[in-house]
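For reference, protein_27.pdb is printed below; it contains PDB, C-alpha atoms.
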ATOM      1  CA  MET A 600       0.000   0.000   0.000
ATOM      2  CA  ASN A 601       1.396   3.440  -0.934
ATOM      3  CA  ARG A 602       1.853   5.778   1.984
ATOM      4  CA  ILE A 603      -0.448   8.800   1.992
ATOM      5  CA  ARG A 604       1.134  12.217   1.576
ATOM      6  CA  ASN A 605       0.241  14.757   4.234
ATOM      7  CA  ALA A 606       0.411  18.555   4.321
ATOM      8  CA  LEU A 607       3.423  19.918   6.199
ATOM      9  CA  THR A 608       3.086  23.597   7.115
ATOM     10  CA  ILE A 609       5.320  26.137   8.842
ATOM     11  CA  ASP A 610       3.867  29.381  10.222
ATOM     12  CA  VAL A 611       6.716  31.870   9.794
ATOM     13  CA  GLU A 612       6.458  34.264  12.723
ATOM     14  CA  ASP A 613       8.751  35.213  15.598
ATOM     15  CA  TYR A 614       8.369  34.244  19.240
ATOM     16  CA  PHE A 615       7.252  37.713  20.385
ATOM     17  CA  GLN A 616       4.393  37.845  17.838
ATOM     18  CA  VAL A 617       2.290  34.971  19.143
ATOM     19  CA  ALA A 618      -1.042  35.576  20.836
ATOM     20  CA  ALA A 619       0.056  33.759  23.999
ATOM     21  CA  LEU A 620       2.697  36.428  24.673
ATOM     22  CA  ALA A 621       0.630  39.464  23.667
ATOM     23  CA  GLU A 622       0.164  40.389  27.327
ATOM     24  CA  ALA A 623       3.935  40.973  27.605
ATOM     25  CA  VAL A 624       4.775  42.497  24.201
ATOM     26  CA  ARG A 625       2.943  45.413  22.632
ATOM     27  CA  ARG A 626       2.732  45.603  18.850
ATOM     28  CA  ASP A 627       4.710  48.858  19.014
ATOM     29  CA  ASP A 628       7.586  47.018  20.727
ATOM     30  CA  TRP A 629       8.199  44.458  17.991
ATOM     31  CA  ASP A 630      11.019  46.387  16.329
ATOM     32  CA  SER A 631      12.939  46.478  19.596
ATOM     33  CA  MET A 632      12.735  42.718  20.261
ATOM     34  CA  GLU A 633      15.503  40.252  19.501
ATOM     35  CA  TYR A 634      14.845  39.014  15.958
ATOM     36  CA  ARG A 635      15.234  35.218  15.770
ATOM     37  CA  VAL A 636      12.781  34.055  13.112
ATOM     38  CA  GLU A 637      15.256  34.127  10.242
ATOM     39  CA  ALA A 638      17.835  31.842  11.877
ATOM     40  CA  ASN A 639      15.113  29.498  13.167
ATOM     41  CA  THR A 640      13.455  29.247   9.754
ATOM     42  CA  ASP A 641      16.813  28.492   8.150
ATOM     43  CA  ARG A 642      17.216  25.766  10.765
ATOM     44  CA  LEU A 643      13.960  24.200   9.639
ATOM     45  CA  LEU A 644      14.921  24.565   5.971
ATOM     46  CA  GLY A 645      18.101  22.614   6.652
ATOM     47  CA  LEU A 646      16.193  19.879   8.474
ATOM     48  CA  LEU A 647      13.633  19.514   5.668
ATOM     49  CA  ASP A 648      16.433  19.400   3.137
ATOM     50  CA  GLN A 649      17.931  16.405   4.976
ATOM     51  CA  TYR A 650      14.717  14.471   4.357
ATOM     52  CA  ASN A 651      14.079  15.889   0.876
ATOM     53  CA  THR A 652      10.721  17.071   2.213
ATOM     54  CA  LYS A 653       8.773  20.049   0.907
ATOM     55  CA  ALA A 654       6.335  22.136   2.926
ATOM     56  CA  THR A 655       4.127  25.206   2.835
ATOM     57  CA  PHE A 656       5.515  28.255   4.631
ATOM     58  CA  PHE A 657       2.695  30.568   5.736
ATOM     59  CA  THR A 658       4.759  33.732   6.001
ATOM     60  CA  LEU A 659       3.870  36.829   7.974
ATOM     61  CA  GLY A 660       4.036  40.014   5.901
ATOM     62  CA  TRP A 661       5.839  41.821   8.743
ATOM     63  CA  VAL A 662       8.590  39.195   8.598
ATOM     64  CA  ALA A 663       8.738  39.179   4.790
ATOM     65  CA  GLU A 664       9.308  42.943   4.751
ATOM     66  CA  ARG A 665      12.348  42.537   6.980
ATOM     67  CA  SER A 666      13.678  39.307   5.504
ATOM     68  CA  PRO A 667      12.921  39.211   1.767
ATOM     69  CA  GLU A 668      15.955  36.996   1.138
ATOM     70  CA  LEU A 669      14.542  34.455   3.580
ATOM     71  CA  VAL A 670      11.340  34.309   1.540
ATOM     72  CA  ARG A 671      13.413  33.783  -1.610
ATOM     73  CA  ARG A 672      15.431  31.021   0.093
ATOM     74  CA  ILE A 673      12.210  29.256   1.082
ATOM     75  CA  ARG A 674      10.952  29.315  -2.493
ATOM     76  CA  ALA A 675      14.342  28.460  -4.016
ATOM     77  CA  SER A 676      14.425  25.351  -1.819
ATOM     78  CA  GLY A 677      11.275  24.106  -3.542
ATOM     79  CA  HIS A 678       8.762  24.989  -0.842
ATOM     80  CA  GLU A 679       5.401  26.673  -1.265
ATOM     81  CA  VAL A 680       4.941  30.206   0.089
ATOM     82  CA  ALA A 681       1.516  31.290   1.345
ATOM     83  CA  SER A 682       0.244  34.255   3.369
ATOM     84  CA  HIS A 683      -0.078  34.405   7.145
ATOM     85  CA  GLY A 684      -1.462  37.932   7.075
ATOM     86  CA  TYR A 685       0.575  40.985   7.966
ATOM     87  CA  SER A 686       0.626  41.704  11.702
ATOM     88  CA  HIS A 687      -0.542  38.466  13.355
ATOM     89  CA  GLN A 688      -3.578  40.076  14.938
ATOM     90  CA  LEU A 689      -6.678  38.056  15.817
ATOM     91  CA  ILE A 690      -9.132  38.622  12.970
ATOM     92  CA  TYR A 691     -12.193  38.924  15.211
ATOM     93  CA  HIS A 692     -10.458  41.887  16.879
ATOM     94  CA  GLN A 693     -10.136  43.655  13.512
ATOM     95  CA  THR A 694     -12.706  45.422  11.381
ATOM     96  CA  PRO A 695     -13.343  44.038   7.880
ATOM     97  CA  ASP A 696     -11.675  47.116   6.385
ATOM     98  CA  VAL A 697      -8.519  46.672   8.450
ATOM     99  CA  PHE A 698      -8.418  42.957   7.672
ATOM    100  CA  ARG A 699      -8.796  43.602   3.959
ATOM    101  CA  GLU A 700      -6.013  46.214   3.965
ATOM    102  CA  GLU A 701      -3.618  43.958   5.880
ATOM    103  CA  THR A 702      -4.467  40.927   3.761
ATOM    104  CA  ARG A 703      -3.901  42.862   0.552
ATOM    105  CA  ARG A 704      -0.677  44.363   1.897
ATOM    106  CA  SER A 705       0.851  41.057   2.999
ATOM    107  CA  ARG A 706      -0.003  39.358  -0.275
ATOM    108  CA  ARG A 707       1.519  42.208  -2.276
ATOM    109  CA  ILE A 708       4.734  42.016  -0.231
ATOM    110  CA  LEU A 709       5.119  38.288  -0.874
ATOM    111  CA  GLU A 710       4.284  38.518  -4.560
ATOM    112  CA  ASP A 711       6.701  41.408  -5.091
ATOM    113  CA  ILE A 712       9.465  39.351  -3.488
ATOM    114  CA  LEU A 713       8.697  36.151  -5.378
ATOM    115  CA  GLY A 714       7.427  37.474  -8.698
ATOM    116  CA  GLU A 715       4.607  34.914  -8.690
ATOM    117  CA  PRO A 716       1.038  34.649  -7.359
ATOM    118  CA  VAL A 717       0.367  33.774  -3.720
ATOM    119  CA  THR A 718      -3.048  32.134  -3.402
ATOM    120  CA  GLY A 719      -3.031  30.335  -0.024
ATOM    121  CA  TYR A 720      -3.800  31.813   3.383
ATOM    122  CA  ARG A 721      -3.776  30.949   7.087
ATOM    123  CA  ALA A 722      -5.147  33.280   9.761
ATOM    124  CA  ALA A 723      -3.192  34.239  12.859
ATOM    125  CA  SER A 724      -4.042  31.774  15.635
ATOM    126  CA  TYR A 725      -6.733  30.202  13.397
ATOM    127  CA  SER A 726      -8.933  33.196  14.199
ATOM    128  CA  ILE A 727     -11.520  32.685  11.472
ATOM    129  CA  THR A 728     -14.423  31.709  13.693
ATOM    130  CA  ALA A 729     -18.195  32.100  13.659
ATOM    131  CA  ARG A 730     -17.812  35.795  14.513
ATOM    132  CA  SER A 731     -15.203  36.456  11.814
ATOM    133  CA  ARG A 732     -16.392  34.239   8.976
ATOM    134  CA  TRP A 733     -16.821  37.438   6.934
ATOM    135  CA  ALA A 734     -13.056  37.154   6.433
ATOM    136  CA  LEU A 735     -13.612  34.225   4.065
ATOM    137  CA  ASP A 736     -15.439  36.487   1.605
ATOM    138  CA  ILE A 737     -12.625  39.018   1.762
ATOM    139  CA  LEU A 738     -10.044  36.300   1.068
ATOM    140  CA  ALA A 739     -11.941  35.182  -2.026
ATOM    141  CA  GLU A 740     -12.447  38.759  -3.200
ATOM    142  CA  GLU A 741      -8.731  39.448  -2.790
ATOM    143  CA  GLY A 742      -7.803  36.525  -5.045
ATOM    144  CA  PHE A 743      -7.027  33.708  -2.613
ATOM    145  CA  THR A 744      -8.203  30.274  -3.739
ATOM    146  CA  TRP A 745      -7.474  28.182  -0.647
ATOM    147  CA  ASP A 746      -7.306  28.541   3.097
ATOM    148  CA  SER A 747      -6.214  26.615   6.191
ATOM    149  CA  SER A 748      -7.589  28.678   9.070
ATOM    150  CA  ILE A 749     -10.509  26.662  10.423
ATOM    151  CA  PHE A 750      -9.964  24.430  13.450
ATOM    152  CA  PRO A 751     -13.014  22.180  13.972
ATOM    153  CA  VAL A 752     -12.714  22.177  17.784
ATOM    154  CA  HIS A 753     -13.885  24.049  20.862
ATOM    155  CA  HIS A 754     -11.153  26.394  22.129
ATOM    156  CA  ASP A 755     -10.971  29.642  24.086
ATOM    157  CA  ARG A 756      -9.205  31.464  21.239
ATOM    158  CA  TYR A 757     -10.356  29.781  18.020
ATOM    159  CA  GLY A 758     -12.499  27.019  16.612
ATOM    160  CA  MET A 759     -15.533  26.195  14.478
ATOM    161  CA  PRO A 760     -16.530  22.880  16.047
ATOM    162  CA  ASP A 761     -19.238  22.055  13.500
ATOM    163  CA  ALA A 762     -16.967  22.501  10.458
ATOM    164  CA  PRO A 763     -15.953  19.458   8.390
ATOM    165  CA  ARG A 764     -12.775  17.663   9.469
ATOM    166  CA  TRP A 765     -11.420  16.829   5.996
ATOM    167  CA  PRO A 766     -10.348  18.948   2.979
ATOM    168  CA  TYR A 767     -13.425  20.341   1.223
ATOM    169  CA  ARG A 768     -14.786  23.280  -0.760
ATOM    170  CA  LEU A 769     -16.623  25.786   1.368
ATOM    171  CA  LYS A 770     -19.130  28.382   0.280
ATOM    172  CA  THR A 771     -18.862  31.774   1.927
ATOM    173  CA  ASP A 772     -21.808  33.865   3.097
ATOM    174  CA  ASN A 773     -21.688  35.877  -0.140
ATOM    175  CA  GLY A 774     -21.490  32.821  -2.385
ATOM    176  CA  HIS A 775     -17.743  32.620  -3.076
ATOM    177  CA  GLU A 776     -15.888  29.317  -2.899
ATOM    178  CA  LEU A 777     -12.554  28.408  -1.354
ATOM    179  CA  ALA A 778     -10.731  25.143  -0.906
ATOM    180  CA  GLU A 779     -10.324  24.588   2.833
ATOM    181  CA  PHE A 780      -7.906  22.293   4.658
ATOM    182  CA  PRO A 781      -9.119  22.280   8.283
ATOM    183  CA  LEU A 782      -6.625  21.565  11.029
ATOM    184  CA  SER A 783      -6.462  17.891  11.912
ATOM    185  CA  THR A 784      -8.349  16.409  14.833
ATOM    186  CA  LEU A 785      -8.990  13.066  16.498
ATOM    187  CA  LYS A 786     -12.619  12.107  17.029
ATOM    188  CA  LEU A 787     -13.176  10.648  20.494
ATOM    189  CA  PRO A 788     -16.469   9.705  22.160
ATOM    190  CA  GLY A 789     -18.085  13.035  22.983
ATOM    191  CA  TYR A 790     -14.985  15.098  22.208
ATOM    192  CA  THR A 791     -12.883  16.258  19.250
ATOM    193  CA  LEU A 792      -9.185  16.465  20.139
ATOM    194  CA  PRO A 793      -6.827  18.814  18.257
ATOM    195  CA  ILE A 794      -3.721  16.944  17.081
ATOM    196  CA  ALA A 795      -2.416  19.030  14.178
ATOM    197  CA  GLY A 796       0.899  20.077  15.714
ATOM    198  CA  GLY A 797       2.266  23.174  17.415
ATOM    199  CA  GLY A 798       1.597  23.250  21.135
ATOM    200  CA  TYR A 799      -0.313  19.972  20.944
ATOM    201  CA  PHE A 800       2.748  18.281  19.424
ATOM    202  CA  ARG A 801       4.811  19.530  22.361
ATOM    203  CA  LEU A 802       2.154  18.730  24.965
ATOM    204  CA  PHE A 803       1.257  15.164  24.014
ATOM    205  CA  PRO A 804       3.832  12.346  24.240
ATOM    206  CA  TYR A 805       5.401  11.742  20.839
ATOM    207  CA  TRP A 806       4.017   8.202  20.618
ATOM    208  CA  PHE A 807       0.486   9.573  20.972
ATOM    209  CA  SER A 808       0.932  12.212  18.262
ATOM    210  CA  GLN A 809       2.329   9.599  15.882
ATOM    211  CA  TRP A 810      -0.524   7.211  16.609
ATOM    212  CA  ALA A 811      -3.236   9.887  16.364
ATOM    213  CA  LEU A 812      -1.927  11.342  13.090
ATOM    214  CA  GLY A 813      -1.418   7.838  11.742
ATOM    215  CA  SER A 814      -5.037   7.019  12.519
ATOM    216  CA  ILE A 815      -6.056   9.639   9.946
ATOM    217  CA  ASN A 816      -3.877   8.004   7.308
ATOM    218  CA  ARG A 817      -5.316   4.615   8.236
ATOM    219  CA  GLN A 818      -8.718   6.044   7.288
ATOM    220  CA  GLY A 819      -7.289   6.852   3.857
ATOM    221  CA  ARG A 820      -7.108  10.601   4.607
ATOM    222  CA  PRO A 821      -4.255  13.122   4.656
ATOM    223  CA  PHE A 822      -3.596  15.130   7.793
ATOM    224  CA  VAL A 823      -2.146  18.616   8.166
ATOM    225  CA  PHE A 824       0.745  19.279  10.523
ATOM    226  CA  TYR A 825       1.935  22.724  11.572
ATOM    227  CA  LEU A 826       4.886  24.118  13.469
ATOM    228  CA  HIS A 827       6.466  27.526  14.119
ATOM    229  CA  PRO A 828      10.176  28.344  13.781
ATOM    230  CA  TRP A 829      10.306  29.481  17.434
ATOM    231  CA  GLU A 830       9.263  25.963  18.512
ATOM    232  CA  VAL A 831      12.727  24.615  17.650
ATOM    233  CA  ASP A 832      14.401  27.423  19.601
ATOM    234  CA  PRO A 833      14.604  26.566  23.329
ATOM    235  CA  GLU A 834      17.137  29.383  23.838
ATOM    236  CA  GLN A 835      14.661  32.136  22.972
ATOM    237  CA  PRO A 836      14.111  34.930  25.540
ATOM    238  CA  ARG A 837      11.655  34.082  28.304
ATOM    239  CA  LEU A 838       8.946  36.675  28.811
ATOM    240  CA  GLU A 839       6.894  37.223  31.950
ATOM    241  CA  VAL A 840       3.323  36.106  31.245
ATOM    242  CA  LYS A 841       0.535  34.324  33.089
ATOM    243  CA  TRP A 842       0.970  30.635  33.801
ATOM    244  CA  LEU A 843      -1.354  29.378  31.061
ATOM    245  CA  SER A 844       0.336  31.485  28.394
ATOM    246  CA  ARG A 845       3.739  30.453  29.739
ATOM    247  CA  PHE A 846       2.760  26.792  29.563
ATOM    248  CA  ARG A 847       1.323  27.070  26.045
ATOM    249  CA  HIS A 848       4.408  28.769  24.659
ATOM    250  CA  TYR A 849       7.377  27.253  26.495
ATOM    251  CA  ASN A 850       6.284  23.689  27.234
ATOM    252  CA  ASN A 851       8.737  21.117  25.802
ATOM    253  CA  LEU A 852      10.576  23.478  23.460
ATOM    254  CA  ASP A 853      13.729  21.484  24.200
ATOM    255  CA  VAL A 854      12.352  18.274  22.654
ATOM    256  CA  CYS A 855      10.359  19.649  19.720
ATOM    257  CA  GLU A 856      13.088  19.453  17.075
ATOM    258  CA  ALA A 857      13.940  15.842  17.972
ATOM    259  CA  ARG A 858      10.257  14.934  17.739
ATOM    260  CA  LEU A 859       9.986  16.639  14.364
ATOM    261  CA  ASN A 860      12.920  14.547  13.146
ATOM    262  CA  ARG A 861      11.047  11.389  14.100
ATOM    263  CA  LEU A 862       7.853  12.592  12.442
ATOM    264  CA  LEU A 863       9.659  13.343   9.172
ATOM    265  CA  GLN A 864      11.005   9.791   9.175
ATOM    266  CA  ARG A 865       7.609   8.251   9.885
ATOM    267  CA  PHE A 866       5.293  10.084   7.443
ATOM    268  CA  ASP A 867       5.355  11.411   3.886
ATOM    269  CA  PHE A 868       4.746  15.122   3.422
ATOM    270  CA  ALA A 869       4.191  17.657   0.649
ATOM    271  CA  PRO A 870       3.059  21.295   0.343
ATOM    272  CA  MET A 871      -0.577  21.929   1.148
ATOM    273  CA  GLY A 872      -1.496  23.113  -2.351
ATOM    274  CA  GLU A 873      -0.402  19.766  -3.771
ATOM    275  CA  ILE A 874      -2.412  17.824  -1.195
ATOM    276  CA  LEU A 875      -5.528  19.891  -1.890
ATOM    277  CA  ARG A 876      -5.177  19.176  -5.610
ATOM    278  CA  GLU A 877      -4.753  15.463  -4.907
ATOM    279  CA  ALA A 878      -7.947  15.618  -2.827
ATOM    280  CA  GLY A 879      -9.750  17.167  -5.811
ATOM    281  CA  VAL A 880     -10.896  20.256  -3.916
ATOM    282  CA  LEU A 881      -8.533  22.931  -5.225
ATOM    283  CA  GLU A 882      -8.860  22.150  -8.904
ATOM    284  CA  PRO A 883     -11.323  19.721 -10.512
ATOM    285  CA  ALA A 884      -9.767  16.300 -10.607
ATOM    286  CA  VAL A 885     -10.988  12.814 -11.474
ATOM    287  CA  ARG A 886     -10.400  10.443  -8.574
ATOM    288  CA  ASN A 887     -11.151   6.901  -9.697
ATOM    289  CA  ALA A 888      -8.611   5.060  -7.597
ATOM    290  CA  ALA A 889      -9.981   3.249  -4.567
ATOM    291  CA  THR A 890      -8.488   4.102  -1.177
ATOM    292  CA  PRO A 891      -7.787   1.321   1.360
ATOM    293  CA  THR A 892      -9.611   1.757   4.623
ATOM    294  CA  GLN A 893      -8.316   0.925   8.068
ATOM    295  CA  ALA A 894     -10.214  -2.344   8.028
ATOM    296  CA  GLY A 895      -8.615  -3.363   4.747
ATOM    297  CA  GLY A 896     -11.701  -2.843   2.583
ATOM    298  CA  GLN A 897     -12.038  -0.527  -0.417
ATOM    299  CA  GLU A 898     -13.575   2.922  -0.283
ATOM    300  CA  GLN A 899     -14.145   4.961  -3.432
ATOM    301  CA  ALA A 900     -12.327   8.288  -3.276
ATOM    302  CA  PRO A 901     -14.844  11.160  -3.166
ATOM    303  CA  SER A 902     -15.263  13.545  -6.068
ATOM    304  CA  ALA A 903     -14.776  17.271  -5.736
ATOM    305  CA  GLU A 904     -18.531  17.824  -6.025
ATOM    306  CA  LYS A 905     -19.137  15.772  -2.886
ATOM    307  CA  PHE A 906     -17.050  18.217  -0.884
ATOM    308  CA  VAL A 907     -18.956  21.340  -1.972
ATOM    309  CA  ARG A 908     -20.949  22.362   1.054
ATOM    310  CA  THR A 909     -21.822  25.372   3.146
ATOM    311  CA  LEU A 910     -20.313  25.926   6.585
TER     312      LEU A 910
END
Rewrite the coordinates I just gave you, this time as structure tokens.
Amino acid sequence: MNRIRNALTIDVEDYFQVAALAEAVRRDDWDSMEYRVEANTDRLLGLLDQYNTKATFFTLGWVAERSPELVRRIRASGHEVASHGYSHQLIYHQTPDVFREETRRSRRILEDILGEPVTGYRAASYSITARSRWALDILAEEGFTWDSSIFPVHHDRYGMPDAPRWPYRLKTDNGHELAEFPLSTLKLPGYTLPIAGGGYFRLFPYWFSQWALGSINRQGRPFVFYLHPWEVDPEQPRLEVKWLSRFRHYNNLDVCEARLNRLLQRFDFAPMGEILREAGVLEPAVRNAATPTQAGGQEQAPSAEKFVRTL
């Protein structure tokens, strides 16, 4: 049986830009903070090169402005570049006009650096929720064709728990369509557990993450995995924040890179755009091949039309 390819994604942002540390770092202070994202991203590029693995780098416009050569190195290494917005602000704390301006600005920065279209997007902290779903229309109107911002879980900061768990085509409130790759979850009795990476990858024992992600492949589905460059940097400055934020950000930073090494050996990965095309949800595709199920039976791969639904 051929191993399923999964979407490997890197959210290119620095340690002081994450929502968990916002209580300690004002947006106006960013330029005065120690800048570590470039070296940490290069560290990840070297690791992926060892395994001949390609990924999608959702790059913050603020970072791209300061490190255009980093963006070019990412692309020259064969990786996909997508947008992570401009200033890493929670979308539901922005007005639609501000979100549109920042989204347009960040995309223009990336395209000017690369000289090619950028059509994929991921929101800061997965902050497209029920109260900010208007952002999906703006993404489509600004020329994006696919998104990976929706986490189908309950969470204090993000989540659309009733959203589909697999790649699909969503219809926005104003009738636009986008290909969506929701963040991966594990369905348990009465609860949906987030397992897509990041803090969850550092929190759970490695054996559990490998088993949980593998369970998605055993269903004949691809999963999405995400990580941030600061998560392989245990030497980063420690900021004074409340205990929950401190736990979310600093827990197990010292073991994350070793765990990522193991994950890259265990699973096959590719950029998200490629996986969405293979799933038939980004561009029309004929999927006639049967997909083995966990029980060993045969399950016909779904057509793109089957995934067209409304959130």
> For the file shown, what are the residues hit by the PyMOL selection byres ((chain A and resi 727-738) around 8), laid out as a list in words?
Replying inline: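 When the PyMOL selection byres ((chain A and resi 727-738) around 8) is applied, the selected residues are Ile690, Tyr691, Pro695, Phe698, Arg699, Thr702, Ala722, Tyr725, Ser726, Ala739, Glu740, Glu741, Gly742, Phe743, Thr744, Ser748, Ile749, Tyr757, Gly758, Met759, Thr771, Asp772, Asn773 and His775 of chain A.
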What are the centre and the three edge lengths of an axis-aligned box that wraps all atoms of range 622-625 of chain A in the file, given that 5 Å is added to every side, written as lines of an AutoDock Vina configuration file and rounded to one decimal in Å?
center_x = 2.5
center_y = 42.9
center_z = 25.1
size_x = 14.6
size_y = 15.0
size_z = 15.0
>> Can you spell out as a list of chain:residue names the set of residues that the PyMOL selection byres ((chain A and resi 840-849) around 8) selects in the structure I just provided?
In response: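 Taken on the displayed file, the PyMOL selection byres ((chain A and resi 840-849) around 8) yields the residues A:Ala619, A:Leu620, A:Glu622, A:Ala623, A:Gly798, A:Pro833, A:Leu838, A:Glu839, A:Asn850, A:Asn851, A:Leu852.
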>> When the PyMOL selection byres ((chain A and resi 865) around 12) is applied to the structure above, which residues does it catch, written out as a ChimeraX atom specification?
In response: /A:602-605,650,805-806,808-810,812-813,816,858-864,866-868
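What separates CA of Glu779 in chain A from CA of Pro766 in chain A is a distance of 5.6 Å.
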Give me, as CSV, the closest atom pair and its distance (Å, one decimal) for every residue of range 616-639 of chain A within a cut-off of 12 Å of range 655-674 of chain A, counting all atoms listed in the file, rows sorted by chain and rising number.
residue,atom,partner,partner_atom,distance
A:Gln616,CA,A:Leu659,CA,9.9
A:Val617,CA,A:Leu659,CA,11.4
A:Arg626,CA,A:Trp661,CA,11.2
A:Trp629,CA,A:Trp661,CA,9.9
A:Asp630,CA,A:Arg665,CA,10.2
A:Tyr634,CA,A:Val662,CA,9.7
A:Arg635,CA,A:Val662,CA,10.6
A:Val636,CA,A:Val662,CA,8.0
A:Glu637,CA,A:Leu669,CA,6.7
A:Ala638,CA,A:Leu669,CA,9.3
A:Asn639,CA,A:Leu669,CA,10.8
> What gap, in Å, lies between CA of Leu777 in chain A and CA of Leu875 in chain A?
Replying inline: 11.1 Å
>> Quick check, in Å to one decimal: how far apart do CA of Thr608 in chain A and CA of Tyr825 in chain A lie?
In response: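 So the answer is 4.7 Å.
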> Between A:Gly645, A:Pro793, A:Gly719, A:Gly774, which has the minimum distance to Met871 in chain A (counting all atoms listed in the file)?
Replying inline: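 With all atoms listed in the file as the atom set, the closest residue is A:Gly719.
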> Within 10 Å of Glu701 in chain A, counting only C-alpha atoms, which residues qualify if same-chain residues fewer than 5 places away don't, as a VMD selection string?
Replying inline: chain A and resid 660 684 to 688 695 to 696 706 to 707
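Nearest to Gln835 in chain A of all the residues A:Met632, A:Tyr790, A:Leu709, A:Asp610 is A:Met632, counting only C-alpha atoms.
Restricting the calculation to all atoms listed in the file, the smallest distance between His827 in chain A and any of A:Lys786, A:Lys770, A:Arg703, A:His683 is found for A:His683.
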